[in-house]
Every structure is written in structure tokens, then in C-alpha cells.
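Raw contents of input.cif, mmCIF, C-alpha atoms and all ligand atoms:
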data_upload
#
loop_
_atom_site.label_atom_id
_atom_site.label_comp_id
_atom_site.auth_asym_id
_atom_site.auth_seq_id
_atom_site.Cartn_x
_atom_site.Cartn_y
_atom_site.Cartn_z
CA MET A 190 14.39 1.46 39.42
CA ALA A 191 14.46 3.29 36.08
CA GLN A 192 11.29 4.70 34.63
CA LEU A 193 10.22 6.45 31.48
CA SER A 194 10.53 10.21 31.29
CA PRO A 195 7.31 11.77 32.57
CA GLN A 196 7.08 13.43 29.13
CA LEU A 197 6.54 10.02 27.54
CA LYS A 198 3.03 9.69 28.86
CA GLN A 199 0.87 7.40 26.68
CA ALA A 200 -2.23 8.86 25.12
CA THR A 201 -4.15 5.62 25.79
CA PRO A 202 -4.07 3.11 28.68
CA VAL A 203 -3.25 0.16 26.39
CA VAL A 204 -0.29 -2.12 27.14
CA ALA A 205 0.12 -3.85 23.79
CA ASP A 206 0.95 -7.50 23.56
CA ARG A 207 0.65 -7.94 19.79
CA GLY A 208 -0.87 -6.34 16.74
CA GLU A 209 -2.58 -7.72 13.67
CA GLY A 210 -3.98 -5.56 10.87
CA VAL A 211 -5.88 -2.69 12.50
CA TRP A 212 -6.15 -4.50 15.83
CA ILE A 213 -4.01 -4.32 18.95
CA TYR A 214 -4.32 -7.02 21.60
CA ASP A 215 -3.41 -6.13 25.18
CA GLU A 216 -1.93 -8.34 27.87
CA ALA A 217 -5.38 -9.37 29.10
CA GLY A 218 -6.34 -10.42 25.56
CA ASN A 219 -8.68 -7.46 24.93
CA LYS A 220 -8.94 -6.20 21.33
CA HIS A 221 -8.52 -2.53 20.51
CA LEU A 222 -9.39 -1.06 17.13
CA ASP A 223 -6.27 0.91 16.24
CA PHE A 224 -7.09 4.01 14.21
CA THR A 225 -3.71 5.57 15.04
CA ALA A 226 -1.42 3.24 13.06
CA GLY A 227 1.54 4.34 15.18
CA ILE A 228 0.90 7.95 13.99
CA GLY A 229 0.40 6.95 10.37
CA VAL A 230 3.28 4.49 10.21
CA THR A 231 1.93 0.93 10.02
CA SER A 232 0.60 1.43 6.51
CA THR A 233 0.09 -2.27 5.71
CA GLY A 234 -1.36 -2.93 9.18
CA HIS A 235 0.35 -4.43 12.20
CA CYS A 236 2.63 -7.32 11.31
CA HIS A 237 1.57 -7.87 7.71
CA PRO A 238 2.77 -11.45 6.94
CA LYS A 239 4.74 -10.36 3.89
CA VAL A 240 6.53 -7.56 5.77
CA VAL A 241 7.21 -9.88 8.72
CA ALA A 242 8.66 -12.55 6.41
CA ALA A 243 10.90 -10.05 4.60
CA ALA A 244 12.21 -8.63 7.89
CA GLN A 245 12.73 -12.08 9.43
CA GLU A 246 14.64 -13.29 6.42
CA GLN A 247 16.83 -10.19 6.44
CA VAL A 248 17.56 -10.47 10.16
CA GLY A 249 19.08 -13.87 9.48
CA SER A 250 21.38 -12.67 6.72
CA LEU A 251 22.49 -9.09 7.46
CA ILE A 252 21.07 -6.76 10.12
CA HIS A 253 23.25 -3.71 9.70
CA GLY A 254 25.50 -2.82 6.82
CA GLN A 255 26.56 0.79 7.36
CA TYR A 256 25.65 2.41 4.07
CA THR A 257 28.65 4.64 3.54
CA THR A 258 30.92 1.68 4.35
CA ILE A 259 29.32 -1.07 2.27
CA MET A 260 26.41 -1.46 -0.15
CA HIS A 261 23.72 -4.04 0.61
CA LYS A 262 21.01 -5.65 -1.50
CA PRO A 263 17.95 -4.37 0.39
CA LEU A 264 19.23 -0.81 -0.11
CA GLN A 265 19.71 -1.39 -3.83
CA ARG A 266 16.24 -2.92 -4.08
CA LEU A 267 14.59 -0.13 -2.11
CA THR A 268 16.28 2.59 -4.17
CA ALA A 269 15.05 0.91 -7.35
CA ALA A 270 11.53 0.41 -5.94
CA LEU A 271 11.27 4.07 -4.88
CA GLY A 272 12.33 5.02 -8.40
CA GLU A 273 9.05 3.48 -9.57
CA VAL A 274 6.87 5.60 -7.28
CA LEU A 275 8.69 8.93 -6.86
CA PRO A 276 7.73 11.84 -9.12
CA ALA A 277 9.61 11.85 -12.43
CA GLY A 278 12.97 13.55 -12.08
CA LEU A 279 13.32 13.06 -8.30
CA ASP A 280 15.61 10.12 -8.84
CA SER A 281 18.42 10.79 -6.38
CA ILE A 282 17.71 9.60 -2.84
CA PHE A 283 19.33 10.13 0.57
CA PHE A 284 18.16 7.89 3.42
CA SER A 285 17.86 8.69 7.13
CA ASN A 286 15.86 7.32 10.08
CA SER A 287 13.09 9.72 11.08
CA GLY A 288 10.92 12.47 9.69
CA SER A 289 12.90 15.07 11.65
CA GLU A 290 16.13 13.85 10.10
CA ALA A 291 14.57 14.12 6.65
CA ALA A 292 13.64 17.73 7.49
CA GLU A 293 17.22 18.44 8.55
CA ALA A 294 18.53 16.82 5.37
CA ALA A 295 16.18 18.88 3.20
CA LEU A 296 17.24 22.04 5.03
CA ARG A 297 20.96 21.31 4.58
CA LEU A 298 20.51 20.46 0.91
CA ALA A 299 18.37 23.51 0.15
CA ARG A 300 20.93 25.83 1.74
CA GLN A 301 23.92 24.12 0.13
CA ALA A 302 22.31 23.90 -3.31
CA THR A 303 21.26 27.56 -3.40
CA GLY A 304 23.92 29.16 -1.22
CA ARG A 305 21.04 31.05 0.45
CA PRO A 306 20.19 31.13 4.16
CA ASN A 307 16.42 31.46 4.64
CA ILE A 308 13.56 29.00 4.65
CA VAL A 309 9.95 30.14 4.30
CA VAL A 310 7.58 27.82 6.19
CA PHE A 311 3.78 27.90 6.32
CA GLN A 312 1.66 28.55 9.40
CA GLY A 313 0.57 25.33 11.10
CA GLY A 314 3.26 23.12 9.57
CA PHE A 315 4.97 20.37 11.55
CA HIS A 316 8.38 19.12 10.47
CA GLY A 317 9.87 17.50 13.57
CA ARG A 318 11.51 17.94 16.95
CA THR A 319 15.24 18.27 16.30
CA VAL A 320 16.30 21.89 16.67
CA GLY A 321 16.37 22.70 12.94
CA ALA A 322 13.08 20.90 12.31
CA ALA A 323 11.47 22.44 15.41
CA SER A 324 12.60 25.89 14.21
CA MET A 325 10.63 25.27 11.02
CA THR A 326 7.58 23.97 12.91
CA THR A 327 4.61 26.26 13.57
CA SER A 328 1.82 23.86 14.54
CA GLY A 329 2.21 24.71 18.24
CA THR A 330 4.67 26.50 20.50
CA LYS A 331 4.86 23.37 22.68
CA PHE A 332 7.17 21.86 20.05
CA LYS A 333 9.66 24.74 20.23
CA ALA A 334 9.33 26.37 23.65
CA GLY A 335 11.96 26.39 26.38
CA PHE A 336 15.07 25.45 24.42
CA SER A 337 15.82 28.61 22.50
CA PRO A 338 17.82 29.93 20.78
CA LEU A 339 16.31 28.17 17.81
CA MET A 340 17.82 28.18 14.34
CA PRO A 341 17.69 31.57 12.66
CA GLY A 342 16.70 32.06 9.03
CA VAL A 343 13.10 30.85 9.26
CA VAL A 344 10.24 33.08 8.11
CA VAL A 345 6.58 32.12 8.49
CA SER A 346 3.91 32.81 5.86
CA PRO A 347 0.18 31.91 6.09
CA PHE A 348 -1.28 28.58 4.93
CA PRO A 349 -4.76 28.79 3.38
CA ASN A 350 -6.57 27.20 6.30
CA PRO A 351 -10.32 27.75 5.90
CA ALA A 352 -11.06 26.44 9.40
CA HIS A 353 -8.91 29.25 10.81
CA TYR A 354 -9.87 32.01 8.42
CA ARG A 355 -13.60 31.44 8.86
CA HIS A 356 -13.12 33.65 11.96
CA TYR A 357 -12.58 36.53 9.51
CA GLY A 358 -15.52 35.45 7.36
CA TRP A 359 -13.22 34.17 4.58
CA ASP A 360 -13.80 31.12 2.45
CA ALA A 361 -11.08 28.94 0.90
CA GLU A 362 -10.65 31.28 -2.08
CA GLN A 363 -10.20 34.34 0.11
CA ALA A 364 -7.83 32.43 2.41
CA THR A 365 -5.78 31.48 -0.66
CA ASP A 366 -5.68 35.07 -1.95
CA PHE A 367 -4.51 36.17 1.47
CA ALA A 368 -1.84 33.43 1.75
CA LEU A 369 -0.33 34.24 -1.67
CA ARG A 370 -0.39 38.02 -1.11
CA GLU A 371 1.26 37.58 2.28
CA LEU A 372 3.91 35.36 0.71
CA ASP A 373 4.72 38.13 -1.76
CA LEU A 374 4.91 40.54 1.15
CA VAL A 375 7.24 38.17 3.02
CA LEU A 376 9.55 38.11 -0.01
CA GLN A 377 9.28 41.91 -0.24
CA THR A 378 9.76 42.73 3.44
CA GLN A 379 11.34 39.85 5.37
CA SER A 380 13.29 37.44 3.19
CA HIS A 381 14.65 38.78 -0.10
CA PRO A 382 14.23 36.15 -2.84
CA ALA A 383 18.00 36.08 -3.29
CA ASP A 384 18.28 35.16 0.41
CA THR A 385 15.53 32.51 0.23
CA ALA A 386 16.70 28.93 -0.20
CA ALA A 387 13.37 27.12 0.04
CA PHE A 388 9.66 27.07 0.66
CA LEU A 389 8.90 24.12 2.97
CA VAL A 390 5.29 22.93 2.99
CA GLU A 391 3.06 19.93 3.74
CA PRO A 392 0.41 19.01 1.14
CA VAL A 393 -2.00 18.50 4.05
CA LEU A 394 -1.13 20.06 7.42
CA GLY A 395 -0.62 17.00 9.63
CA GLU A 396 -0.11 17.82 13.30
CA GLY A 397 -1.59 21.23 12.42
CA GLY A 398 -5.04 19.71 11.95
CA TYR A 399 -5.40 17.67 8.71
CA VAL A 400 -5.96 20.76 6.62
CA PRO A 401 -5.43 20.16 2.89
CA GLY A 402 -3.82 22.93 0.85
CA ASN A 403 -5.28 23.62 -2.58
CA GLU A 404 -4.25 23.64 -6.21
CA ARG A 405 -4.10 27.43 -6.62
CA PHE A 406 -2.03 27.92 -3.49
CA PHE A 407 0.51 25.28 -4.45
CA ALA A 408 0.64 26.54 -8.07
CA GLY A 409 1.38 29.98 -6.58
CA LEU A 410 4.27 28.55 -4.57
CA ARG A 411 5.63 26.68 -7.61
CA GLU A 412 5.45 29.79 -9.80
CA ARG A 413 7.20 32.00 -7.23
CA ALA A 414 9.82 29.32 -6.55
CA ASP A 415 10.60 29.03 -10.28
CA ARG A 416 10.65 32.79 -10.76
CA HIS A 417 13.17 33.34 -7.96
CA GLY A 418 15.27 30.15 -8.08
CA ILE A 419 13.85 29.07 -4.70
CA LEU A 420 13.60 25.31 -4.07
CA LEU A 421 10.16 23.92 -3.26
CA VAL A 422 10.45 21.32 -0.50
CA VAL A 423 7.38 19.17 0.09
CA ASP A 424 7.09 17.27 3.37
CA GLU A 425 5.35 13.98 2.51
CA VAL A 426 6.32 12.38 5.84
CA GLN A 427 2.70 11.88 6.92
CA THR A 428 0.91 12.16 3.56
CA GLY A 429 3.06 9.69 1.60
CA PHE A 430 2.64 6.04 0.61
CA GLY A 431 -1.09 6.11 -0.04
CA ARG A 432 -2.28 7.77 3.16
CA THR A 433 -4.39 10.42 1.40
CA GLY A 434 -5.91 8.10 -1.20
CA ALA A 435 -3.24 9.04 -3.77
CA PHE A 436 0.28 7.65 -3.60
CA TRP A 437 1.64 11.10 -2.64
CA GLY A 438 -0.42 13.91 -1.12
CA GLN A 439 0.97 16.34 -3.72
CA GLU A 440 -0.86 14.44 -6.50
CA HIS A 441 -4.20 15.90 -5.35
CA PHE A 442 -2.92 19.36 -6.25
CA GLY A 443 -0.67 18.80 -9.28
CA LEU A 444 2.21 19.91 -7.07
CA THR A 445 5.79 19.02 -8.07
CA PRO A 446 8.58 19.56 -5.57
CA ASP A 447 12.31 20.06 -6.03
CA ILE A 448 13.03 18.17 -2.81
CA GLN A 449 10.63 15.65 -1.33
CA MET A 450 10.73 14.29 2.21
CA PHE A 451 9.34 10.86 3.10
CA ALA A 452 9.19 8.59 6.19
CA LYS A 453 6.40 7.01 8.30
CA GLY A 454 4.37 4.73 5.96
CA ILE A 455 7.33 3.52 3.91
CA ALA A 456 8.29 0.47 6.02
CA SER A 457 5.20 -0.48 8.07
CA GLY A 458 6.90 0.49 11.34
CA PHE A 459 10.64 0.18 10.78
CA PRO A 460 12.42 3.52 11.16
CA ILE A 461 13.51 4.76 7.77
CA SER A 462 13.11 8.14 6.06
CA GLY A 463 14.78 10.21 3.43
CA ILE A 464 14.71 12.91 0.83
CA ALA A 465 14.55 12.69 -2.95
CA ALA A 466 15.67 15.32 -5.45
CA SER A 467 16.99 15.52 -8.98
CA GLU A 468 20.56 14.41 -9.49
CA ALA A 469 21.40 18.04 -10.36
CA VAL A 470 20.14 19.34 -7.00
CA MET A 471 21.40 16.40 -4.93
CA SER A 472 24.90 16.69 -6.39
CA LYS A 473 25.12 20.17 -4.86
CA ALA A 474 25.18 18.64 -1.35
CA TRP A 475 28.56 19.22 0.25
CA PRO A 476 30.83 16.26 1.02
CA GLY A 477 30.15 14.85 4.48
CA SER A 478 26.74 16.50 4.77
CA GLN A 479 24.80 13.29 4.05
CA GLY A 480 25.40 10.15 6.08
CA GLY A 481 24.77 8.63 9.49
CA THR A 482 25.41 5.38 11.34
CA TYR A 483 21.99 3.80 10.97
CA GLY A 484 20.58 5.26 7.72
CA ALA A 485 18.95 2.70 5.41
CA ASN A 486 19.26 -0.13 7.92
CA ALA A 487 19.14 -3.45 6.04
CA VAL A 488 16.12 -4.86 7.90
CA ALA A 489 14.24 -1.56 7.51
CA CYS A 490 15.05 -1.53 3.79
CA ALA A 491 13.81 -5.12 3.36
CA ALA A 492 10.60 -4.22 5.21
CA ALA A 493 10.21 -1.12 3.03
CA VAL A 494 10.56 -3.12 -0.19
CA ALA A 495 7.91 -5.57 1.08
CA THR A 496 5.67 -2.67 2.14
CA LEU A 497 5.84 -1.10 -1.33
CA GLU A 498 4.97 -4.47 -2.86
CA VAL A 499 2.00 -4.96 -0.53
CA ILE A 500 0.73 -1.44 -1.25
CA GLN A 501 0.80 -2.27 -4.94
CA GLU A 502 -0.41 -5.89 -4.85
CA GLU A 503 -3.30 -5.21 -2.47
CA GLY A 504 -4.38 -1.96 -4.12
CA LEU A 505 -3.96 -0.09 -0.84
CA VAL A 506 -3.95 3.39 -2.39
CA ALA A 507 -7.38 2.73 -3.91
CA ASN A 508 -8.51 1.17 -0.62
CA ALA A 509 -7.39 4.29 1.27
CA ALA A 510 -9.47 6.42 -1.11
CA ALA A 511 -12.56 4.19 -0.83
CA ARG A 512 -12.39 3.57 2.92
CA GLY A 513 -11.49 7.25 3.44
CA ALA A 514 -14.64 8.30 1.57
CA GLN A 515 -16.70 5.86 3.66
CA LEU A 516 -15.14 7.07 6.92
CA LYS A 517 -15.55 10.75 6.00
CA ALA A 518 -19.21 10.30 5.04
CA GLY A 519 -19.87 8.40 8.30
CA LEU A 520 -18.06 10.99 10.44
CA GLU A 521 -20.00 13.79 8.74
CA GLU A 522 -23.31 12.04 9.34
CA ILE A 523 -22.45 11.63 13.02
CA ALA A 524 -21.18 15.24 13.25
CA GLU A 525 -24.63 16.53 12.22
CA LYS A 526 -26.06 15.14 15.45
CA PHE A 527 -23.70 17.06 17.76
CA ASP A 528 -23.44 20.87 17.91
CA ALA A 529 -19.91 20.73 19.31
CA VAL A 530 -18.58 18.92 16.24
CA THR A 531 -18.27 21.56 13.56
CA ALA A 532 -16.15 20.06 10.80
CA VAL A 533 -14.61 16.91 9.40
CA HIS A 534 -11.51 17.55 7.34
CA GLY A 535 -8.64 15.77 5.64
CA LEU A 536 -8.04 13.49 2.67
CA GLY A 537 -8.23 9.73 2.28
CA LEU A 538 -7.49 7.95 5.56
CA MET A 539 -6.15 11.12 7.16
CA LEU A 540 -9.29 12.58 8.69
CA ALA A 541 -9.93 14.88 11.63
CA VAL A 542 -13.10 15.78 13.49
CA GLU A 543 -13.05 19.32 14.86
CA PHE A 544 -14.65 20.41 18.13
CA THR A 545 -15.69 23.98 18.91
CA ASP A 546 -17.24 25.52 21.99
CA LYS A 547 -20.46 27.53 22.12
CA ASP A 548 -18.59 30.70 21.10
CA GLY A 549 -17.21 28.98 18.00
CA GLU A 550 -13.70 28.74 19.46
CA PRO A 551 -11.54 25.60 19.09
CA ASP A 552 -12.33 23.24 21.98
CA GLY A 553 -9.30 21.12 22.89
CA ALA A 554 -10.91 19.94 26.14
CA ALA A 555 -13.88 18.38 24.32
CA ALA A 556 -11.56 16.69 21.79
CA SER A 557 -9.49 15.31 24.64
CA ARG A 558 -12.56 13.95 26.47
CA ALA A 559 -13.77 12.22 23.30
CA HIS A 560 -10.32 10.81 22.61
CA GLN A 561 -9.97 9.41 26.13
CA HIS A 562 -13.45 7.96 26.20
CA ALA A 563 -12.99 6.30 22.79
CA ALA A 564 -9.81 4.62 24.03
CA LYS A 565 -11.66 3.20 27.06
CA ASN A 566 -14.31 1.98 24.63
CA GLY A 567 -11.79 0.08 22.48
CA LEU A 568 -11.19 2.67 19.74
CA LEU A 569 -7.68 4.11 19.66
CA LEU A 570 -7.43 7.60 18.16
CA LEU A 571 -5.15 10.63 18.37
CA THR A 572 -5.71 14.36 18.67
CA ASN A 573 -4.20 17.16 16.57
CA GLY A 574 -4.80 20.74 15.49
CA MET A 575 -3.12 23.92 16.64
CA HIS A 576 -5.35 24.02 19.73
CA GLY A 577 -5.62 20.24 20.16
CA GLN A 578 -9.22 20.70 18.97
CA ASN A 579 -9.35 17.70 16.62
CA VAL A 580 -9.68 13.98 17.09
CA ARG A 581 -7.99 12.29 14.16
CA PHE A 582 -8.50 8.98 12.44
CA ILE A 583 -5.53 7.40 10.63
CA PRO A 584 -6.05 3.64 10.40
CA ALA A 585 -3.74 1.37 8.43
CA LEU A 586 -4.46 1.39 4.70
CA VAL A 587 -5.66 -2.24 4.91
CA VAL A 588 -8.73 -1.25 6.96
CA SER A 589 -11.92 -2.98 5.76
CA GLU A 590 -15.44 -1.68 5.24
CA ASP A 591 -16.66 -3.56 8.35
CA GLU A 592 -13.82 -2.18 10.46
CA VAL A 593 -14.65 1.38 9.37
CA ASN A 594 -18.31 0.77 10.27
CA HIS A 595 -17.26 -0.63 13.63
CA ALA A 596 -15.12 2.45 14.32
CA LEU A 597 -18.02 4.71 13.36
CA SER A 598 -20.39 3.02 15.79
CA LEU A 599 -17.83 3.25 18.61
CA TRP A 600 -17.33 6.93 17.74
CA GLU A 601 -21.03 7.72 17.86
CA GLU A 602 -21.30 5.99 21.24
CA THR A 603 -18.33 8.03 22.42
CA LEU A 604 -19.81 11.35 21.40
CA SER A 605 -23.15 10.48 22.99
CA ALA A 606 -21.32 9.75 26.23
CA VAL A 607 -19.08 12.84 26.38
CA LEU A 608 -21.08 15.65 24.76
N1 LIG B 701 6.99 15.91 9.14
C1 LIG B 701 5.70 15.58 9.26
C2 LIG B 701 4.71 16.06 8.24
C3 LIG B 701 5.27 14.76 10.33
O1 LIG B 701 3.97 14.44 10.44
C4 LIG B 701 6.23 14.32 11.26
C5 LIG B 701 5.83 13.44 12.44
N2 LIG B 701 4.57 13.55 12.92
C6 LIG B 701 7.57 14.70 11.10
C7 LIG B 701 7.90 15.50 10.02
C8 LIG B 701 8.62 14.27 12.07
O2 LIG B 701 8.81 12.90 12.02
P1 LIG B 701 9.55 12.11 13.22
O3 LIG B 701 8.62 12.13 14.39
O4 LIG B 701 9.76 10.75 12.63
O5 LIG B 701 10.82 12.80 13.48
#
Output the structure of this file as C-alpha cells.
Amino acid sequence: MAQLSPQLKQATPVVADRGEGVWIYDEAGNKHLDFTAGIGVTSTGHCHPKVVAAAQEQVGSLIHGQYTTIMHKPLQRLTAALGEVLPAGLDSIFFSNSGSEAAEAALRLARQATGRPNIVVFQGGFHGRTVGAASMTTSGTKFKAGFSPLMPGVVVSPFPNPAHYRHYGWDAEQATDFALRELDLVLQTQSHPADTAAFLVEPVLGEGGYVPGNERFFAGLRERADRHGILLVVDEVQTGFGRTGAFWGQEHFGLTPDIQMFAKGIASGFPISGIAASEAVMSKAWPGSQGGTYGANAVACAAAVATLEVIQEEGLVANAAARGAQLKAGLEEIAEKFDAVTAVHGLGLMLAVEFTDKDGEPDGAAASRAHQHAAKNGLLLLTNGMHGQNVRFIPALVVSEDEVNHALSLWEETLSAVL
């Protein structure tokens, strides 16, 4: 009898039967409050009626129309709809299926457009599991260990992560000074600007711990990129489509990319991703370098169009900001009662609670205990952080005030039980 790879071990014991909004129902009919959203994917909640209807209708007319063979209407509609929400000037779009593929596409384009080999990435970033994307990932060695050689041409520079740099007594300003000075040193000593194709950065470190960057850091990247003809690639795979309480995470910092990656929240669960750039940059891609059998699947495109409409019609970006503020305030209030919980960070509905031990070191074991206990108690969460020291909360953007309050009471019960 076949079985799943032992590596595909579920983080919770739930066997899902169906999902509705922020709730998952298991085979026995028990309800679980889902604050994982399929790792930030089901933006409009599980099985939003409008998304379901759009997908069902599309399934009956055309499931797959390979996009370099034929054009199909959902793809035309999605391209037009993204044009309404992408930053001005990023009006040329390539579609793929996963965040990792978007990272690979951004990498290929940056190298082809500049003719330069190197990519500067920022400590704690996560960009995916394919070999190129894993080579650019620094949120944990577990994502890149044991299958070397990895892709050459990647140089790592610090991200201004106050939670990390507090160990040196630095605040956010000092961490930012350090990160920008080190970046200059990287360009001086490791990757000559004329050899540097791109800076690749997340607006908020995702798997790395829900650590927002800041305006001065990103302005520093933009200025150096412009000065040296380096492309600024922003990975909005996790932060996009309203997750942070703004449509794109970059909006919090006035950050404008040359190449933007997107995935996850775009289609409420259907696999679709891509990159956007200006026509001038995108036209530098070499023939044959963009394509794929499944990219921009017709059902996924129809679901994405419906998702974008729901986000707009239901004011989900504003809801993410309001419910995010409520959740953050509640998590902070609870954190005060427990010595082991030292910080709550993130933006909008992308929040992480950090655990530290009595020596002030990241405590992955405590985070894991809390995560497991919460799941048994009906609250589904995930962990993250470079040491697995965070429990993170990423509910669908449709989450209500009552549902946030319910999650907070389950969380407080959980911490009382495990700490
Ligand atoms: N970039 C970021 C910022 C992500 O959060 C992720 C997934 N967690 C990826 C890339 C990779 O996406 P995928 O798992 O769809 O390949």
C-alpha cells in the first residue's frame, strides 16, 4: 500500500472534510478555527461562494488551455484585473504555478535583463524550495541542506531584524544602519555592482519570522539599485493581496520594485503565481525562458478574477487592517501575562508571537508545544522564525471580530496550559 512521504507530516491532527470561511470541519463533524489559511493562501476564506461559482462555471467550459498554445478568456480577464492593482509601470506579467516558480522566473529575468550573474538576498528571507529558490533562501538551513551543490552567485546581506539585533543591544535604527553599511560592504567586497543583477527581498520576512522591514532600509535598497543599475525584486508571495492590511506589503514602506513576485492569496487556493515588471524589463527575457505546461490554468485564473473581485467588494484589505489591529492588541495583552512570550510582530493579519527561554534565547520547543496544544483545542496555527520560535496567526482576510476574539480566548487557554 502506498503512503505519503514521511517528510509530509501534518502539523495538526485534523483530517479535513470541508471548509467554510475560517472554519475547517473534520470527518467527525468537529469545527476547527483555521488561522493558517493554507499558509496564507485562502484569502477570501474556504470555499467563498463567489470563488466556488466562478471555478465551477469555468470547469464546465474550459479546464486547461495551455497558455503558449492558445489564449483564453480567464487569462485575459486576470491580466486586466491585475493591471488595476499592480504598482504603476509593472504592467507586463508572466504567470506560473507556485511561489518557488515565481522566484525562479524573477531570477532568470533579472540575470537576462542585466547580463549580470549575482543576486543579493537578505538574511532570513524565504523564496522557495526549488534549487534556485532554495539557494536564495536564508530563513533556515533545513530548506537547503543535503542537496548541494546549490546555485552559485548568491550573496547574503543583513536584514534589519530588531528581534535578532536586540542581542547586540541595537534598536531598529541601529539595525538599519548596520544592514545598509553591510550592504555597501557586500558590494565593495563580495559582489561588484557590475556583477550584481538584483536585490531580492521580502517586505516582511515570512518564514523568517514575520519581521517587517522599514522605510529607510527599503529606500536605501532602492537608491543603491538605481545608482548601480541593479534590479530590485520584491517577493510579495506571502504579503500580497491584502494580507498585511495594505494591498501589497511594499505600500507600508513606499517601496517600488522593478520585478514583483506574487502567488498565495491571489486565487483563494488554486495554484497560480507570477512576476510583474515593466514592459521594458520583461522584453529583455530571452525566448523560451518563460512558459510551462500549467501556467495560468483557466480554472485558477477564473478563481483569481473572482478572488480579486471579492477582495474589492467586501473591503477585505481594510478588514485585514482592522482585524489585524484587534488581533495584535489581543495577542499583546495576553503576552504580558506570560514571561516566555516576549514579542508580537508582523503587519495586518500576518502576526507572530515569539517565545524565548529564561536566558532570552529563541525557544522553538515552547512555540511547538503551544502550537500543538492549540490544535488539540480547536485553533489551527503554524510556527515560523529562524529557530521555529514563533507561533503565527494568518487567518483568511474575511475573519470577523467575533472569530478573532474566539481565537484569542483559545490562545490564552493554550498558553495557560503549556507555560
Ligand atoms: N516566497 C515567499 C515569501 C513565501 O512565503 C513562499 C512560501 N511560503 C514562497 C516564496 C514559496 O512558495 P511555494 O511554496 O508556493 O513554492
Please tabulate, as a Markdown table, the residues of chain A that come within 8 Å of ligand LIG 701 (chain B), each with its closest pair of atoms and the distance in Å to one decimal, counting only C-alpha atoms and all ligand atoms and ordering rows by chain, then residue number upward.
| residue | atom | partner | partner_atom | distance |
| --- | --- | --- | --- | --- |
| A:Ile228 | CA | B:LIG701 | N2 | 6.8 |
| A:Asn286 | CA | B:LIG701 | O4 | 7.4 |
| A:Ser287 | CA | B:LIG701 | O4 | 3.8 |
| A:Gly288 | CA | B:LIG701 | O2 | 3.2 |
| A:Ser289 | CA | B:LIG701 | O5 | 3.6 |
| A:Glu290 | CA | B:LIG701 | O5 | 6.4 |
| A:Ala291 | CA | B:LIG701 | C7 | 7.6 |
| A:Ala292 | CA | B:LIG701 | C7 | 6.7 |
| A:Gly314 | CA | B:LIG701 | C2 | 7.3 |
| A:Phe315 | CA | B:LIG701 | C1 | 5.4 |
| A:His316 | CA | B:LIG701 | C7 | 3.7 |
| A:Gly317 | CA | B:LIG701 | C8 | 3.8 |
| A:Arg318 | CA | B:LIG701 | O5 | 6.2 |
| A:Thr319 | CA | B:LIG701 | O5 | 7.6 |
| A:Ala322 | CA | B:LIG701 | C7 | 7.8 |
| A:Glu391 | CA | B:LIG701 | C2 | 6.2 |
| A:Leu394 | CA | B:LIG701 | C2 | 7.1 |
| A:Gly395 | CA | B:LIG701 | O1 | 5.3 |
| A:Glu396 | CA | B:LIG701 | O1 | 6.0 |
| A:Asp424 | CA | B:LIG701 | C2 | 5.6 |
| A:Glu425 | CA | B:LIG701 | C2 | 6.1 |
| A:Val426 | CA | B:LIG701 | C2 | 4.7 |
| A:Gln427 | CA | B:LIG701 | O1 | 4.5 |
| A:Thr428 | CA | B:LIG701 | C2 | 7.2 |
| A:Ala452 | CA | B:LIG701 | O4 | 6.8 |
| A:Lys453 | CA | B:LIG701 | O4 | 6.6 |
| A:Pro460 | CA | B:LIG701 | O4 | 7.8 |
| A:Ser462 | CA | B:LIG701 | O4 | 7.8 |
TODO: Starting from the point (-15.6, 23.3, 9.7), work out which residues of protein, DNA or RNA have an atom no more than 10 Å away when counting only C-alpha atoms; state them as a PyMOL selection string.
DONE: chain A and resi 351-353+355+530-534+542-545
What lies within 6 Å of Val230 (chain A) using all atoms listed in the file, ignoring chain neighbours under 3 positions off, as a compact mmCIF listing (two decimals) with C-alpha atoms, in the coordinates of the input?
# COMPACT_ATOMS: atom_id res chain seq x y z
CA ALA A 226 -1.42 3.24 13.06
CA GLY A 227 1.54 4.34 15.18
CA LYS A 453 6.40 7.01 8.30
CA GLY A 454 4.37 4.73 5.96
CA SER A 457 5.20 -0.48 8.07
CA GLY A 458 6.90 0.49 11.34
Task: Shell of 6 Å around Gly567 (chain A), all atoms listed in the file, local chain residues under 2 positions omitted, as a ChimeraX atom specification - done: /A:221-222,564-565
- [ ] Please measure the separation of CA of Gln245 (chain A) and CA of Glu502 (chain A), giving the value in Å to one decimal.
- [x] 20.4 Å
- [ ] Enumerate, as a list in words, the protein, DNA and RNA residues whose atoms approach (-2.3, 7.1, 12.1) to within 9 Å, taking into account all atoms listed in the file and the coordinate frame of the file.
- [x]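 Checking each residue against the 9 Å limit leaves Asp223, Phe224, Thr225, Ala226, Gly227, Ile228, Gly229, Val230, Thr231, Ser232, Gln427, Arg432, Leu538, Met539, Leu570, Leu571, Arg581, Phe582, Ile583, Pro584 and Ala585 of chain A.
Residues in contact with Gly418 (chain A) at 10 Å, where all atoms listed in the file are counted and same-chain residues fewer than 2 positions away are skipped, are listed as Thr303, Pro382, Ala383, Thr385, Ala386, Ala387, Glu412, Arg413, Ala414, Asp415, Arg416, Leu420 and Leu421 of chain A.
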TODO: Could you please determine the separation between CA of Glu216 (chain A) and CA of His235 (chain A) in Å, to one decimal place?
DONE: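 Computed distance, CA of Glu216 (chain A) to CA of His235 (chain A), equals 16.3 Å.
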Task: Residue nearest Ser346 (chain A) among A:Val588, A:Ala364, A:Leu372, A:Ala334 (counting all atoms listed in the file) - done: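 Of A:Val588, A:Ala364, A:Leu372, A:Ala334, the one nearest Ser346 (chain A) is A:Leu372, counting all atoms listed in the file.
Of note, CA of Met450 (chain A) and CA of Gly577 (chain A) are spaced 25.0 Å apart.
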Task: Residue with smallest distance to Phe430 (chain A) - pool A:Glu498, A:Glu525, A:Glu468, A:Asp373, counting only C-alpha atoms - done: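 Going through A:Glu498, A:Glu525, A:Glu468, A:Asp373 one by one, the smallest distance to Phe430 (chain A) is for A:Glu498.
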